[in-house]
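**Student:** The structure file run.txt (compact mmCIF, C-alpha atoms) is provided below.
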```txt
# COMPACT_ATOMS: atom_id res chain seq x y z
CA MET G 1056 -10.52 19.57 -1.66
CA GLN G 1057 -7.22 17.72 -2.16
CA LEU G 1058 -6.39 14.42 -0.47
CA ALA G 1059 -3.11 12.50 -0.51
CA VAL G 1060 -3.41 8.71 -0.43
CA ILE G 1061 -0.58 6.44 0.71
CA SER G 1062 -0.55 2.66 0.95
CA ASP G 1063 1.78 -0.33 1.31
CA ILE G 1064 4.73 1.43 2.93
CA HIS G 1065 6.10 -1.94 4.10
CA GLY G 1066 8.57 -0.38 6.51
CA ASN G 1067 10.34 1.72 3.88
CA SER G 1068 10.82 4.86 5.96
CA ASP G 1069 13.02 6.59 3.35
CA ALA G 1070 10.37 6.17 0.65
CA LEU G 1071 7.78 7.44 3.13
CA ASP G 1072 9.92 10.50 3.85
CA ALA G 1073 10.19 11.23 0.13
CA VAL G 1074 6.42 10.96 -0.32
CA LEU G 1075 5.68 13.14 2.71
CA THR G 1076 8.11 15.76 1.43
CA ASP G 1077 6.38 15.77 -1.96
CA ILE G 1078 2.96 16.05 -0.33
CA ARG G 1079 4.11 19.06 1.70
CA ARG G 1080 5.65 20.62 -1.43
CA ARG G 1081 2.26 20.39 -3.14
CA GLY G 1082 0.51 21.93 -0.13
CA VAL G 1083 -1.80 18.98 0.52
CA GLU G 1084 -2.80 18.84 4.18
CA THR G 1085 -4.97 15.70 4.43
CA ILE G 1086 -3.41 12.24 4.08
CA PHE G 1087 -5.16 8.86 4.20
CA ASN G 1088 -3.23 5.63 4.85
CA LEU G 1089 -4.56 2.39 3.35
CA GLY G 1090 -2.44 -0.03 5.39
CA ASP G 1091 0.36 -2.60 5.14
CA SER G 1092 2.60 -0.07 6.81
CA PHE G 1093 5.34 -2.17 8.40
CA SER G 1094 5.94 -5.75 7.21
CA GLY G 1095 9.27 -6.33 5.50
CA PRO G 1096 13.03 -6.32 6.20
CA LEU G 1097 13.53 -2.54 6.15
CA ASP G 1098 12.72 -0.02 8.94
CA ALA G 1099 9.47 -0.87 10.69
CA ALA G 1100 10.43 1.06 13.84
CA GLY G 1101 11.26 4.24 11.93
CA THR G 1102 8.07 3.96 9.93
CA ALA G 1103 6.06 3.53 13.14
CA GLU G 1104 7.62 6.67 14.62
CA ARG G 1105 6.70 8.73 11.58
CA LEU G 1106 3.13 7.44 11.42
CA ALA G 1107 2.56 7.91 15.16
CA ALA G 1108 3.50 11.58 14.80
CA LEU G 1109 1.12 12.05 11.87
CA ASN G 1110 -1.93 10.23 13.36
CA LEU G 1111 -3.44 9.62 9.92
CA PRO G 1112 -6.84 8.05 9.24
CA THR G 1113 -5.75 4.46 8.55
CA VAL G 1114 -7.32 1.14 7.62
CA ARG G 1115 -5.93 -2.32 8.30
CA GLY G 1116 -3.96 -4.17 5.65
CA ASN G 1117 -3.54 -7.92 5.49
CA HIS G 1118 0.10 -7.69 6.53
CA ASP G 1119 -0.91 -5.50 9.46
CA ARG G 1120 -3.36 -8.19 10.58
CA LEU G 1121 -0.72 -10.90 10.19
CA LEU G 1122 1.39 -9.10 12.80
CA VAL G 1123 -1.27 -9.44 15.51
CA ASP G 1124 -3.47 -12.46 14.74
CA ARG G 1125 -1.06 -15.37 15.25
CA PRO G 1126 2.02 -16.52 17.22
CA VAL G 1127 5.41 -15.44 15.98
CA GLU G 1128 6.36 -18.98 14.97
CA ASP G 1129 3.38 -19.08 12.59
CA MET G 1130 4.22 -15.79 10.88
CA GLY G 1131 5.65 -15.50 7.38
CA ALA G 1132 9.08 -14.03 6.67
CA TRP G 1133 7.81 -10.48 6.16
CA GLU G 1134 6.24 -10.43 9.62
CA GLN G 1135 9.09 -12.28 11.34
CA TRP G 1136 11.48 -9.61 10.08
CA THR G 1137 9.16 -6.97 11.54
CA ILE G 1138 7.54 -8.10 14.76
CA GLY G 1139 10.60 -7.62 17.01
CA ASP G 1140 11.03 -4.03 15.82
CA LEU G 1141 7.56 -2.82 16.83
CA SER G 1142 6.56 -1.60 20.27
CA GLY G 1143 3.57 -2.82 22.21
CA ALA G 1144 1.91 0.54 21.59
CA THR G 1145 2.29 0.13 17.82
CA LEU G 1146 0.89 -3.40 17.94
CA ASP G 1147 -2.08 -2.15 19.99
CA TRP G 1148 -2.64 0.56 17.36
CA ILE G 1149 -2.60 -2.09 14.62
CA ARG G 1150 -5.21 -4.12 16.55
CA SER G 1151 -7.45 -1.05 16.68
CA LEU G 1152 -7.45 -0.42 12.93
CA PRO G 1153 -10.77 -0.91 11.08
CA LEU G 1154 -11.23 -2.89 7.89
CA THR G 1155 -12.84 0.14 6.21
CA LEU G 1156 -13.49 3.82 6.88
CA THR G 1157 -15.90 6.32 5.36
CA ILE G 1158 -14.87 9.97 5.67
CA GLY G 1159 -17.32 12.34 4.02
CA ASP G 1160 -17.67 11.25 0.39
CA VAL G 1161 -14.54 9.04 0.49
CA PHE G 1162 -14.44 5.30 1.27
CA LEU G 1163 -11.17 3.69 2.39
CA CYS G 1164 -10.17 0.03 2.32
CA HIS G 1165 -6.91 -1.83 1.91
CA ALA G 1166 -7.87 -4.52 -0.61
CA THR G 1167 -11.64 -4.78 -1.12
CA PRO G 1168 -14.45 -3.56 1.13
CA GLN G 1169 -15.09 -7.14 2.20
CA ARG G 1170 -11.55 -8.44 2.82
CA ASP G 1171 -8.06 -7.16 3.53
CA ASP G 1172 -6.31 -9.72 1.28
CA GLU G 1173 -8.28 -9.79 -1.98
CA ASN G 1174 -7.10 -8.23 -5.25
CA TRP G 1175 -9.64 -5.76 -6.65
CA LEU G 1176 -8.73 -3.59 -9.64
CA ASN G 1177 -6.10 -6.09 -10.73
CA ARG G 1178 -5.76 -9.87 -10.55
CA ARG G 1179 -3.14 -12.55 -10.83
CA GLY G 1180 -3.29 -13.18 -14.54
CA ALA G 1181 -1.43 -15.01 -17.28
CA ASP G 1182 2.29 -15.76 -17.00
CA HIS G 1183 2.08 -15.34 -13.21
CA ARG G 1184 1.86 -11.57 -13.50
CA ILE G 1185 -0.60 -8.86 -12.40
CA SER G 1186 -3.18 -7.91 -15.03
CA ALA G 1187 -6.07 -5.45 -15.12
CA ARG G 1188 -9.38 -6.85 -13.94
CA GLU G 1189 -12.51 -6.37 -16.06
CA LEU G 1190 -15.56 -4.43 -14.89
CA THR G 1191 -17.51 -7.62 -14.13
CA GLY G 1192 -14.91 -8.48 -11.50
CA ILE G 1193 -14.66 -4.96 -10.07
CA GLU G 1194 -18.21 -3.66 -9.81
CA PRO G 1195 -19.72 -6.24 -7.41
CA HIS G 1196 -17.30 -5.35 -4.63
CA ALA G 1197 -18.49 -1.72 -4.71
CA ALA G 1198 -22.14 -2.61 -4.12
CA GLY G 1199 -23.69 -0.61 -1.33
CA ILE G 1200 -20.95 2.03 -1.18
CA SER G 1201 -22.44 5.49 -1.67
CA ALA G 1202 -19.15 7.43 -1.62
CA SER G 1203 -18.11 8.82 -5.00
CA MET G 1204 -14.41 8.20 -4.31
CA ILE G 1205 -13.32 4.70 -3.26
CA LEU G 1206 -9.67 4.16 -2.30
CA CYS G 1207 -7.75 0.87 -2.16
CA GLY G 1208 -4.24 -0.56 -2.27
CA HIS G 1209 -2.88 -4.09 -1.73
CA THR G 1210 -1.79 -4.97 -5.28
CA HIS G 1211 1.00 -2.33 -5.31
CA THR G 1212 -0.37 -1.34 -8.73
CA PRO G 1213 -1.51 2.25 -9.31
CA ARG G 1214 -4.78 2.40 -11.21
CA SER G 1215 -7.84 4.65 -11.51
CA VAL G 1216 -11.15 3.38 -12.86
CA ARG G 1217 -14.60 4.88 -13.19
CA LEU G 1218 -17.66 2.73 -12.66
CA PRO G 1219 -20.62 3.17 -15.05
CA ASP G 1220 -22.55 5.04 -12.31
CA GLY G 1221 -19.77 7.65 -12.05
CA ARG G 1222 -18.03 6.50 -8.88
CA ARG G 1223 -14.24 6.28 -9.04
CA ILE G 1224 -12.01 3.60 -7.57
CA VAL G 1225 -8.34 4.49 -7.13
CA ASN G 1226 -5.43 2.25 -6.18
CA ALA G 1227 -2.61 4.48 -4.93
CA GLY G 1228 0.18 1.97 -5.56
CA SER G 1229 2.93 1.16 -3.06
CA VAL G 1230 5.02 3.74 -1.24
CA GLY G 1231 7.76 1.32 -0.32
CA CYS G 1232 7.69 -1.97 -2.25
CA PRO G 1233 7.91 -1.50 -6.04
CA ALA G 1234 8.26 -5.21 -6.85
CA TYR G 1235 7.96 -8.56 -5.15
CA ARG G 1236 8.51 -12.24 -5.88
CA ASP G 1237 6.20 -14.88 -4.39
CA THR G 1238 8.27 -18.05 -4.13
CA ARG G 1239 5.47 -20.17 -2.69
CA MET G 1240 4.50 -21.32 -6.19
CA GLU G 1241 6.36 -22.65 -9.20
CA PRO G 1242 6.96 -20.78 -11.37
CA ASN G 1243 7.23 -17.86 -8.97
CA PHE G 1244 4.63 -15.10 -9.12
CA ILE G 1245 6.37 -11.83 -9.89
CA HIS G 1246 5.03 -8.31 -9.71
CA GLN G 1247 7.21 -5.42 -10.83
CA GLU G 1248 6.30 -1.79 -11.38
CA GLY G 1249 9.29 -1.19 -13.63
CA GLY G 1250 10.80 1.55 -11.51
CA SER G 1251 12.13 2.02 -8.00
CA ASP G 1252 10.19 5.20 -7.21
CA ALA G 1253 7.88 5.63 -4.23
CA ARG G 1254 4.26 5.84 -5.38
CA TYR G 1255 1.17 7.51 -4.02
CA ALA G 1256 -1.91 9.36 -5.26
CA ILE G 1257 -3.56 12.73 -4.92
CA VAL G 1258 -7.29 12.98 -5.51
CA GLU G 1259 -9.00 16.34 -5.81
CA ARG G 1260 -12.71 17.18 -5.77
CA VAL G 1261 -13.47 19.66 -8.56
CA ASP G 1262 -16.97 20.60 -9.76
CA ASN G 1263 -18.65 17.52 -8.25
CA ASP G 1264 -16.12 15.13 -9.78
CA TRP G 1265 -12.61 13.92 -9.00
CA ILE G 1266 -9.24 14.55 -10.62
CA VAL G 1267 -6.76 11.76 -9.93
CA ASP G 1268 -2.96 12.06 -10.01
CA LEU G 1269 -0.96 8.83 -9.70
CA ILE G 1270 2.45 10.08 -8.58
CA SER G 1271 5.91 8.52 -8.76
CA VAL G 1272 8.60 10.04 -6.51
CA PRO G 1273 12.33 9.28 -6.91
CA TYR G 1274 14.42 8.87 -3.74
CA ASP G 1275 17.72 7.44 -2.55
CA ALA G 1276 16.98 3.83 -1.63
CA SER G 1277 20.56 2.87 -0.72
CA ARG G 1278 19.96 2.72 3.03
CA MET G 1279 16.92 0.49 2.59
CA ILE G 1280 18.83 -1.74 0.15
CA GLU G 1281 21.58 -2.20 2.74
CA ARG G 1282 19.01 -3.14 5.38
CA ALA G 1283 17.40 -5.68 3.06
CA ARG G 1284 20.73 -7.35 2.25
CA ALA G 1285 21.73 -7.37 5.93
CA ARG G 1286 18.67 -9.53 6.56
CA GLY G 1287 19.28 -11.80 3.59
CA ALA G 1288 16.38 -10.35 1.61
CA GLU G 1289 18.01 -10.23 -1.81
CA THR G 1290 14.76 -10.02 -3.79
CA TRP G 1291 13.83 -6.94 -1.74
CA ALA G 1292 17.22 -5.41 -2.53
CA GLN G 1293 16.72 -6.06 -6.24
CA ALA G 1294 13.22 -4.60 -6.15
CA LEU G 1295 14.40 -1.44 -4.40
CA GLU G 1296 17.33 -0.96 -6.78
CA THR G 1297 15.38 -0.95 -10.05
CA GLY G 1298 11.77 -2.06 -9.60
CA TRP G 1299 12.56 -5.03 -11.88
CA PHE G 1300 13.62 -8.64 -11.44
CA VAL G 1301 16.21 -9.45 -14.11
```
Can you present the structure in this file as structure tokens?
**Tutor:**
Amino acid sequence: MQLAVISDIHGNSDALDAVLTDIRRRGVETIFNLGDSFSGPLDAAGTAERLAALNLPTVRGNHDRLLVDRPVEDMGAWEQWTIGDLSGATLDWIRSLPLTLTIGDVFLCHATPQRDDENWLNRRGADHRISARELTGIEPHAAGISASMILCGHTHTPRSVRLPDGRRIVNAGSVGCPAYRDTRMEPNFIHQEGGSDARYAIVERVDNDWIVDLISVPYDASRMIERARARGAETWAQALETGWFV
């Protein structure tokens, strides 16, 4: 059994197209979506059209929630760029999304099983950068989950870990946002994957265990870069160009 796992598209419809093409090329038929599908300055409407046609099992991300849980004037920049581009039907779909899903022996969440906005396999570490979290910070969040494959996103950082009891936790990385700069603190918090590729994962059940592929897909980001700059989102443009902040 092969499963493709996508997360954190953030309105990047061209990156999504590249990932979907690669999934089809590999012959994988089942795709799970871990949320944060739209928020950002790129192409929320186009992303919504593609996802509506696919009707994927999907959980709610924190940026999905932020589109429907407050007035527009209280939204952050990522949501204010997005909210006017989404239809009422898409917003109703977002409201319907669950925090978690269990499908067979696979558990889906966006961030942690308990919250949609909490870092799990990684944390904000030294020098205002993402760092790998130790087992003592990972294992408690998995308590009570019987599934042998646990899927998450949120940190935009691909990672696969195995718990001592044999269960795996996989972060699929971000389809559409390879780097970001949080300017709400000084110095700024910066996360950068060091490449502009679209990222996703394939997990495969083999002989009662799981093989995990963390996949990086190149694509032409020029259209998305133009959209970011048209909305004054220069850090997005830089992230999409190289995956680095120089």
**Student:** Atom CA of Pro1168 of chain G and atom CA of His1196 of chain G are how many Å apart?
**Tutor:**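 We find that atom CA of Pro1168 of chain G and atom CA of His1196 of chain G lie 6.7 Å from each other.
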**Student:** For segment 1232-1243 of chain G, please output as number ranges by chain all residues within 10 Å (counting only C-alpha atoms; exclusion window: fewer than 2 positions along the same chain).
**Tutor:** G: 1062-1067, 1070, 1095, 1182-1184, 1211-1212, 1228-1230, 1245-1254, 1290-1300
**Student:** Compare G:Ser1215, G:Ser1142, G:Thr1085, G:Thr1076 by their minimum atom-to-atom distance to Gln1057 of chain G, counting all atoms listed in the file, and give me the closest one.
**Tutor:**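 Selected residue with least distance to Gln1057 of chain G: G:Thr1085.
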**Student:** Let me know the centre plus edge lengths, in Å and rounded to one decimal, of a box with edges along x, y and z that contains all listed atoms of segment 1201-1217 of chain G and is padded by 5 Å on every side, as JSON.
**Tutor:**
```
{"center_x": -10.7, "center_y": 1.9, "center_z": -7.4, "size_x": 33.4, "size_y": 23.8, "size_z": 21.6}
```
**Student:** Find the residues around Glu1189 of chain G up to 10 Å (all atoms listed in the file counted), leave out those fewer than 2 positions away in its own chain, and share them as a list in words.
**Tutor:**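 That gives Trp1175, Leu1176, Asn1177, Arg1178, Ser1186, Ala1187, Thr1191, Gly1192, Ile1193 and Glu1194 of chain G.
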**Student:** Using all atoms listed in the file, determine which residues lie at most 12 Å from Pro1153 of chain G, disregarding the query and same-chain residues fewer than 3 positions distant; provide the list as number ranges by chain.
**Tutor:** G: 1088-1090, 1112-1117, 1119-1120, 1148-1150, 1156-1157, 1163-1165, 1168-1171
**Student:** If you count all atoms listed in the file, which residues fall within 12 Å of Ala1197 of chain G, apart from same-chain ones fewer than 6 positions away, as a list in words?
**Tutor:** Phe1162, Leu1163, Cys1164, Ala1166, Thr1167, Pro1168, Gln1169, Trp1175, Leu1176, Leu1190, Thr1191, Ser1203, Met1204, Ile1205, Leu1206, Cys1207, Arg1217, Leu1218, Pro1219, Asp1220, Gly1221, Arg1222, Arg1223 and Ile1224 of chain G
**Student:** Dump C-alpha atoms for the selected residues as a PDB file, keeping the file's coordinate frame?
**Tutor:**
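Here's the written file out-v9.pdb:
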```pdb
ATOM      1  CA  PHE G1162     -14.440   5.300   1.270  1.00  0.00           C
ATOM      2  CA  LEU G1163     -11.170   3.690   2.390  1.00  0.00           C
ATOM      3  CA  CYS G1164     -10.170   0.030   2.320  1.00  0.00           C
ATOM      4  CA  ALA G1166      -7.870  -4.520  -0.610  1.00  0.00           C
ATOM      5  CA  THR G1167     -11.640  -4.780  -1.120  1.00  0.00           C
ATOM      6  CA  PRO G1168     -14.450  -3.560   1.130  1.00  0.00           C
ATOM      7  CA  GLN G1169     -15.090  -7.140   2.200  1.00  0.00           C
ATOM      8  CA  TRP G1175      -9.640  -5.760  -6.650  1.00  0.00           C
ATOM      9  CA  LEU G1176      -8.730  -3.590  -9.640  1.00  0.00           C
ATOM     10  CA  LEU G1190     -15.560  -4.430 -14.890  1.00  0.00           C
ATOM     11  CA  THR G1191     -17.510  -7.620 -14.130  1.00  0.00           C
ATOM     12  CA  SER G1203     -18.110   8.820  -5.000  1.00  0.00           C
ATOM     13  CA  MET G1204     -14.410   8.200  -4.310  1.00  0.00           C
ATOM     14  CA  ILE G1205     -13.320   4.700  -3.260  1.00  0.00           C
ATOM     15  CA  LEU G1206      -9.670   4.160  -2.300  1.00  0.00           C
ATOM     16  CA  CYS G1207      -7.750   0.870  -2.160  1.00  0.00           C
ATOM     17  CA  ARG G1217     -14.600   4.880 -13.190  1.00  0.00           C
ATOM     18  CA  LEU G1218     -17.660   2.730 -12.660  1.00  0.00           C
ATOM     19  CA  PRO G1219     -20.620   3.170 -15.050  1.00  0.00           C
ATOM     20  CA  ASP G1220     -22.550   5.040 -12.310  1.00  0.00           C
ATOM     21  CA  GLY G1221     -19.770   7.650 -12.050  1.00  0.00           C
ATOM     22  CA  ARG G1222     -18.030   6.500  -8.880  1.00  0.00           C
ATOM     23  CA  ARG G1223     -14.240   6.280  -9.040  1.00  0.00           C
ATOM     24  CA  ILE G1224     -12.010   3.600  -7.570  1.00  0.00           C
TER      25      ILE G1224
END
```
**Student:** From the options G:Thr1102, G:Ser1201, G:Ser1068, G:Thr1210, which residue's atoms come nearest to Val1225 of chain G, counting only C-alpha atoms?
**Tutor:**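 Ranked by minimum distance to Val1225 of chain G, first place goes to G:Thr1210.
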**Student:** Hey, can you check how far atom CA of Ser1151 of chain G sits from atom CA of Arg1282 of chain G?
**Tutor:**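 According to the coordinates, atom CA of Ser1151 of chain G and atom CA of Arg1282 of chain G are separated by 28.8 Å.
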**Student:** What is the atom CA of Val1123 of chain G-atom CA of Gly1199 of chain G distance in Å, reported with one decimal?
**Tutor:** 29.4 Å
**Student:** Could you name the residues that touch Ala1100 of chain G at 12 Å or less, counting only C-alpha atoms, but leaving out those on the same chain fewer than 2 positions away, as an MDAnalysis selection string?
**Tutor:** chainID G and resid 1065:1068 1092:1098 1102:1107 1136:1146
**Student:** When you count all atoms listed in the file, which of these residues is closest to Gly1101 of chain G: G:Val1258, G:Asp1172, G:Asp1072, G:Leu1122?
**Tutor:**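 Once distances to Gly1101 of chain G are computed over all atoms listed in the file, the minimum belongs to G:Asp1072.
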**Student:** From the set G:Gly1131, G:Gly1180, G:Ile1257, G:Asn1263, which residue has the shortest atom-to-atom contact distance to Arg1081 of chain G, counting only C-alpha atoms?
**Tutor:**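 Residue with the minimum atom-to-atom distance to Arg1081 of chain G: G:Ile1257.
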**Student:** Determine the nearest neighbour of Ile1200 of chain G from the options G:Ala1132, G:Ile1270, G:Val1060, G:Val1161, counting all atoms listed in the file.
**Tutor:** G:Val1161
**Student:** Given the choices G:Tyr1255, G:Leu1071, G:Ile1061, G:Gln1135, which gets closest to Arg1286 of chain G if the distance is worked out from only C-alpha atoms?
**Tutor:**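 Counting only C-alpha atoms, the residue closest to Arg1286 of chain G is G:Gln1135.
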